[in-house]
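The next block holds one structure in the form of structure tokens; read it before the comments.
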Amino acid sequence: MSEQSVERPSTDRRAARAIERVTSTALGPYQSAVVRIGFAGTWLLFLLWELPHRRELYGPESPWSWDMAQQLIAKNGAFTGLMWSDSMVWFEIVFAVAVLSSALLLLGWRTRTMSVVFMFGVLSLQNRSIFMGDGGDNVIHLMAIYLVLTRCGQVWSLDARRAARAAARTGDGAGAPDGEGAPDGADGVGGVVRDRVGPVLWAVLGAFLLIGTVTDRVQVETWLMVLFWGLWIGQGLWWAANRFAPGGEPRALLNVLANLIHNAGLAVIMAEVCLVYATAGWYKIQGSRWQDGTALYYPLKLDYFTPWPDLSGLLASSAIMVMLLTYGTVIVQVAFPFTLFNRRVKNVLLIAMILEHAGIAVLLGLPFFSLAMIAADAVFLPTIFLTWLGGQVTRRWERLQPRRRKDVPKQRSDSTEQPPALVG
């Protein structure tokens with residue numbers, strides 16, 4: 001038997017295992033959950049912080065008037081629900097929906113539906129007034145779209161808790177792994193557990209989507225409307241499969257498609273983070289101030305970027321520290337994408353980037369930009385660290401609630417397998 005014939009079966013087996021893994025498992029459950037929590041929390045904090053100024057930022061009182069926004073959107077085809085009406089009441093409704101969806105996505109309630117509503121809120125507000133933001137808004141804008149593709153409620157969510165409780169009541173492992181379509185309570189007929197909230201939510205959102213499609217005053221890109229309607233139809237098919245054929249082939253096919261889309265979305269998120277850092281790093285290399293090691297000095301001397309003047313002045317007074325931080329920023333950003341297949345080096349640079357953004361939040365007064373970038377970086381955090389962190393939070397929460405019931409089942413995921421090296 002030749003050496004080539006021996007190697008071919010081994011290669012085929014590895015390829016088969018890889019295909020099976022990608023189709024049967026939604027990889028990176030903890031990474032996708034922490035990205036969900038990070039971006040939903042960042043956007044929620046931003047909206048609450050700007051609550052007193054919301055009408056000047058995105059509403060009818062904005063310097064970027066409704067007519068100006070209408071003219072721009074008519075050219076670029078961007079989507080915003082605020083263009084459906086210029087009334088103050090409609091603006092307040094959209095803003096309230098954005099806040100509520102952020103909070104519910106953070107908690108992991110109906111994550112598949114809330115991720116779509118979250119995207120609606122982000123796009124509606126940001127595309128209404130395009131000049132509001134500090135750079136972090138661009139990252140949230142992209143990640144809001146990518147999160148729709150992921151099964152980000154497998155762990156650390158109310159959906160996962162509900163699915164685990166339903167599985168314990170019915171005595172099997174059935175139930176949606178990300179909580180959508182998971183049962184709410186038994187109906188008492190044959191032990192079948194029905195979801196009552198999902199159909200109502202689906203019908204209400206479908207009615208709003210139909211009204212928006214018919215009354216939209218600005219022609220948006222066709223792919224966005226196809227995306228919204230496709231998600232709505234897909235959600236209906238998912239619920240129907242869970243309700244009428246939980247163990248049948250339609251449910252299995254939808255589960256495979258959901259895993260494929262989730263894994264592709266997670267890969268896109270990782271690629272986007274790498275692209276952001278690589279682009280930023282290579283552009284910095286071309287700047288003369290980054291080349292001579294003085295780039296950090298100048299923002300530390302601008303009043304607009306110095307919330308703590310004494311601290312900024314102390315750092316700016318050390319030429320060596322300024323040079324080290326300037327060169328270190330460029331090195332970390334350029335090198336990070338090339339270290340993904342070396343876990344130790346990748347984790348070291350990941351810590352450096354998180355500390356860098358924490359420093360930007362404190363020294364330059366850009367907390368929401370920093371939170372958005374840290375949330376994006378979290379997709380590369382090791383699984384062992386995330387599970388340890390989750391255990392620590394759970395233990396401390398239980399200490400605060402000594403009378404909490406002890407028989408509550410733990411959250412579960414589809415598979416006990418660990419994510420691949422890029423997110424592990």
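FYI, nothing fancy with the structure tokens labels: chains A, B, ... in order, residues from 1 per chain, ligands from 1 as they appear.
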* To do: For Phe39 in chain A, please output as number ranges by chain all residues within 12 Å (counting only C-alpha atoms; exclusion window: fewer than 6 positions along the same chain).
  => A: 32-33, 45-46, 101-103, 105-107, 115, 118-119, 122, 136-147, 152, 368-379
* **Residues within 10 Å of Ser124 in chain A, only C-alpha atoms, excluding chain neighbours under 2 positions, as a list in words** =>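 Counting only C-alpha atoms, the residues come to Tyr58, Ala78, Phe79, Thr80, Gly81, Leu82, Met83, Phe91, Val94, Phe95, Ala98, Phe118, Met119, Phe120, Gly121, Val122, Gln126, Asn127, Arg128 and Ser129 of chain A.
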Now that the selection is made, can you save its residues with N, CA and C atoms as a PDB file, in the first residue's frame?
ATOM      1  N   TYR A  58     -30.639  62.667  18.043  1.00  0.00           N
ATOM      2  CA  TYR A  58     -31.267  61.853  17.000  1.00  0.00           C
ATOM      3  C   TYR A  58     -32.694  62.265  16.665  1.00  0.00           C
ATOM      4  N   ALA A  78     -29.424  53.949   3.189  1.00  0.00           N
ATOM      5  CA  ALA A  78     -29.294  53.433   4.553  1.00  0.00           C
ATOM      6  C   ALA A  78     -30.678  53.257   5.176  1.00  0.00           C
ATOM      7  N   PHE A  79     -30.764  52.334   6.110  1.00  0.00           N
ATOM      8  CA  PHE A  79     -32.046  52.048   6.759  1.00  0.00           C
ATOM      9  C   PHE A  79     -32.155  52.783   8.076  1.00  0.00           C
ATOM     10  N   THR A  80     -33.317  53.396   8.323  1.00  0.00           N
ATOM     11  CA  THR A  80     -33.643  53.935   9.632  1.00  0.00           C
ATOM     12  C   THR A  80     -35.146  54.011   9.767  1.00  0.00           C
ATOM     13  N   GLY A  81     -35.655  53.437  10.832  1.00  0.00           N
ATOM     14  CA  GLY A  81     -37.090  53.485  11.086  1.00  0.00           C
ATOM     15  C   GLY A  81     -37.581  54.873  11.426  1.00  0.00           C
ATOM     16  N   LEU A  82     -36.684  55.791  11.779  1.00  0.00           N
ATOM     17  CA  LEU A  82     -37.091  57.149  12.103  1.00  0.00           C
ATOM     18  C   LEU A  82     -37.561  57.920  10.878  1.00  0.00           C
ATOM     19  N   MET A  83     -37.274  57.400   9.692  1.00  0.00           N
ATOM     20  CA  MET A  83     -37.755  58.050   8.477  1.00  0.00           C
ATOM     21  C   MET A  83     -39.194  57.673   8.135  1.00  0.00           C
ATOM     22  N   PHE A  91     -40.541  59.230  17.345  1.00  0.00           N
ATOM     23  CA  PHE A  91     -39.136  59.203  17.779  1.00  0.00           C
ATOM     24  C   PHE A  91     -39.023  58.609  19.178  1.00  0.00           C
ATOM     25  N   VAL A  94     -39.412  54.820  19.031  1.00  0.00           N
ATOM     26  CA  VAL A  94     -38.220  54.141  18.506  1.00  0.00           C
ATOM     27  C   VAL A  94     -37.098  54.161  19.537  1.00  0.00           C
ATOM     28  N   PHE A  95     -36.918  55.284  20.221  1.00  0.00           N
ATOM     29  CA  PHE A  95     -35.862  55.370  21.231  1.00  0.00           C
ATOM     30  C   PHE A  95     -36.146  54.408  22.377  1.00  0.00           C
ATOM     31  N   ALA A  98     -35.316  50.947  21.313  1.00  0.00           N
ATOM     32  CA  ALA A  98     -33.871  50.734  21.314  1.00  0.00           C
ATOM     33  C   ALA A  98     -33.356  50.440  22.722  1.00  0.00           C
ATOM     34  N   PHE A 118     -32.796  44.776  18.292  1.00  0.00           N
ATOM     35  CA  PHE A 118     -31.605  45.542  18.665  1.00  0.00           C
ATOM     36  C   PHE A 118     -30.970  46.158  17.423  1.00  0.00           C
ATOM     37  N   MET A 119     -30.845  45.375  16.353  1.00  0.00           N
ATOM     38  CA  MET A 119     -30.301  45.898  15.103  1.00  0.00           C
ATOM     39  C   MET A 119     -31.175  47.028  14.556  1.00  0.00           C
ATOM     40  N   PHE A 120     -32.480  46.856  14.646  1.00  0.00           N
ATOM     41  CA  PHE A 120     -33.398  47.908  14.207  1.00  0.00           C
ATOM     42  C   PHE A 120     -33.141  49.206  14.964  1.00  0.00           C
ATOM     43  N   GLY A 121     -32.984  49.121  16.283  1.00  0.00           N
ATOM     44  CA  GLY A 121     -32.745  50.318  17.080  1.00  0.00           C
ATOM     45  C   GLY A 121     -31.418  50.982  16.762  1.00  0.00           C
ATOM     46  N   VAL A 122     -30.374  50.181  16.619  1.00  0.00           N
ATOM     47  CA  VAL A 122     -29.053  50.739  16.323  1.00  0.00           C
ATOM     48  C   VAL A 122     -29.048  51.431  14.966  1.00  0.00           C
ATOM     49  N   GLN A 126     -28.543  55.538  14.546  1.00  0.00           N
ATOM     50  CA  GLN A 126     -27.255  55.947  13.996  1.00  0.00           C
ATOM     51  C   GLN A 126     -27.385  56.475  12.567  1.00  0.00           C
ATOM     52  N   ASN A 127     -28.238  55.880  11.762  1.00  0.00           N
ATOM     53  CA  ASN A 127     -28.407  56.363  10.391  1.00  0.00           C
ATOM     54  C   ASN A 127     -29.240  57.634  10.314  1.00  0.00           C
ATOM     55  N   ARG A 128     -29.935  57.970  11.385  1.00  0.00           N
ATOM     56  CA  ARG A 128     -30.690  59.225  11.427  1.00  0.00           C
ATOM     57  C   ARG A 128     -29.759  60.424  11.548  1.00  0.00           C
ATOM     58  N   SER A 129     -28.737  60.310  12.395  1.00  0.00           N
ATOM     59  CA  SER A 129     -27.758  61.393  12.577  1.00  0.00           C
ATOM     60  C   SER A 129     -26.372  60.774  12.503  1.00  0.00           C
TER      61      SER A 129
END
* When DSSP works through the backbone of this structure, what residues of range 10-216 of chain A end up as alpha helix (DSSP H), shown as an NGL selection string? -> :A and (10-24 or 29-49 or 54-57 or 66-76 or 88-107 or 111-128 or 136-147 or 158-170 or 197-215)
* Asked: Which polymer residues have any atom within 7 Å of an atom of range 277-284 of chain A, counting only C-alpha atoms, with same-chain residues fewer than 5 positions away left out, as a PyMOL selection string?
  -> chain A and resi 290+330+333-334+337
How would the residues just picked look written out with N, CA and C atoms as a PDB file, in the first residue's frame?
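Listed below is the output, out.pdb:
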ATOM      1  N   TRP A 290       3.631  58.923  14.435  1.00  0.00           N
ATOM      2  CA  TRP A 290       3.753  57.563  14.935  1.00  0.00           C
ATOM      3  C   TRP A 290       5.146  57.014  14.672  1.00  0.00           C
ATOM      4  N   VAL A 330       1.241  50.577  18.036  1.00  0.00           N
ATOM      5  CA  VAL A 330       1.391  50.172  16.633  1.00  0.00           C
ATOM      6  C   VAL A 330       1.783  48.697  16.541  1.00  0.00           C
ATOM      7  N   GLN A 333      -1.218  46.340  17.420  1.00  0.00           N
ATOM      8  CA  GLN A 333      -2.282  46.325  16.417  1.00  0.00           C
ATOM      9  C   GLN A 333      -1.852  45.629  15.136  1.00  0.00           C
ATOM     10  N   VAL A 334      -0.633  45.828  14.711  1.00  0.00           N
ATOM     11  CA  VAL A 334      -0.165  45.190  13.483  1.00  0.00           C
ATOM     12  C   VAL A 334       0.069  43.701  13.697  1.00  0.00           C
ATOM     13  N   PRO A 337      -3.283  40.150  14.345  1.00  0.00           N
ATOM     14  CA  PRO A 337      -3.860  39.160  13.417  1.00  0.00           C
ATOM     15  C   PRO A 337      -2.927  38.006  13.086  1.00  0.00           C
TER      16      PRO A 337
END
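Residues lying within 9 Å of Val322 in chain A, counting only C-alpha atoms and ignoring same-chain neighbours fewer than 3 positions away, are Gly293, Thr294, Ala295, Leu296, Tyr297, Leu315, Ala316, Ser317, Ser318, Ala319, Leu325, Thr326 and Tyr327 of chain A.
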* Asked: Hey, what's within 10 Å of Leu57 in chain A if we count only C-alpha atoms and toss same-chain stuff fewer than 3 positions away? As JSON, numbers by chain, please?
  -> {"A": [50, 51, 52, 53, 54, 60, 61, 62, 63, 64, 125, 126, 128, 129, 130, 131, 132, 133]}
* Write out as number ranges by chain the residues lying within 10 Å of Ser24 in chain A, counting only C-alpha atoms and excluding same-chain residues fewer than 5 positions away. => A: 18-19, 252, 255-260, 414-415
Convert the current residue selection to file output with C-alpha atoms, as a CSV table (one decimal), in the first residue's frame.
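Writing done, so here's out-v2.csv:
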chain,number,residue,atom,x,y,z
A,18,ALA,CA,-14.5,19.1,10.6
A,19,ILE,CA,-17.7,19.2,8.5
A,252,ALA,CA,-32.8,18.9,12.2
A,255,ASN,CA,-30.7,23.3,13.3
A,256,VAL,CA,-27.9,22.5,10.8
A,257,LEU,CA,-28.6,25.7,8.9
A,258,ALA,CA,-28.6,27.7,12.1
A,259,ASN,CA,-25.2,26.2,13.2
A,260,LEU,CA,-23.7,27.0,9.8
A,414,ASP,CA,-25.7,21.8,22.6
A,415,SER,CA,-22.3,20.4,23.0
* To do: Tell me, in Å to one decimal, how far CA of Asp159 in chain A is from CA of Gly391 in chain A.
  =>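 According to the coordinates, CA of Asp159 in chain A and CA of Gly391 in chain A are separated by 18.3 Å.
When CA of Leu47 in chain A is paired with CA of Val99 in chain A, their separation reads 6.7 Å.
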Among range 167-341 of chain A, which residues does DSSP mark as strand (DSSP E) when it is run on the backbone? Keep the chain and numbering as in the structure and answer as a PDB file with C-alpha atoms, in the first residue's frame.
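See out03.pdb below for the written result:
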ATOM      1  CA  GLY A 185     -44.774  26.185  30.290  1.00  0.00           C
ATOM      2  CA  ALA A 186     -46.602  22.905  30.059  1.00  0.00           C
ATOM      3  CA  VAL A 193     -44.632  22.136  26.432  1.00  0.00           C
ATOM      4  CA  ARG A 194     -45.791  25.076  24.368  1.00  0.00           C
TER       5      ARG A 194
END
* Structure fact -> Here CA of Asp310 in chain A and CA of Ala352 in chain A stand apart by 24.0 Å
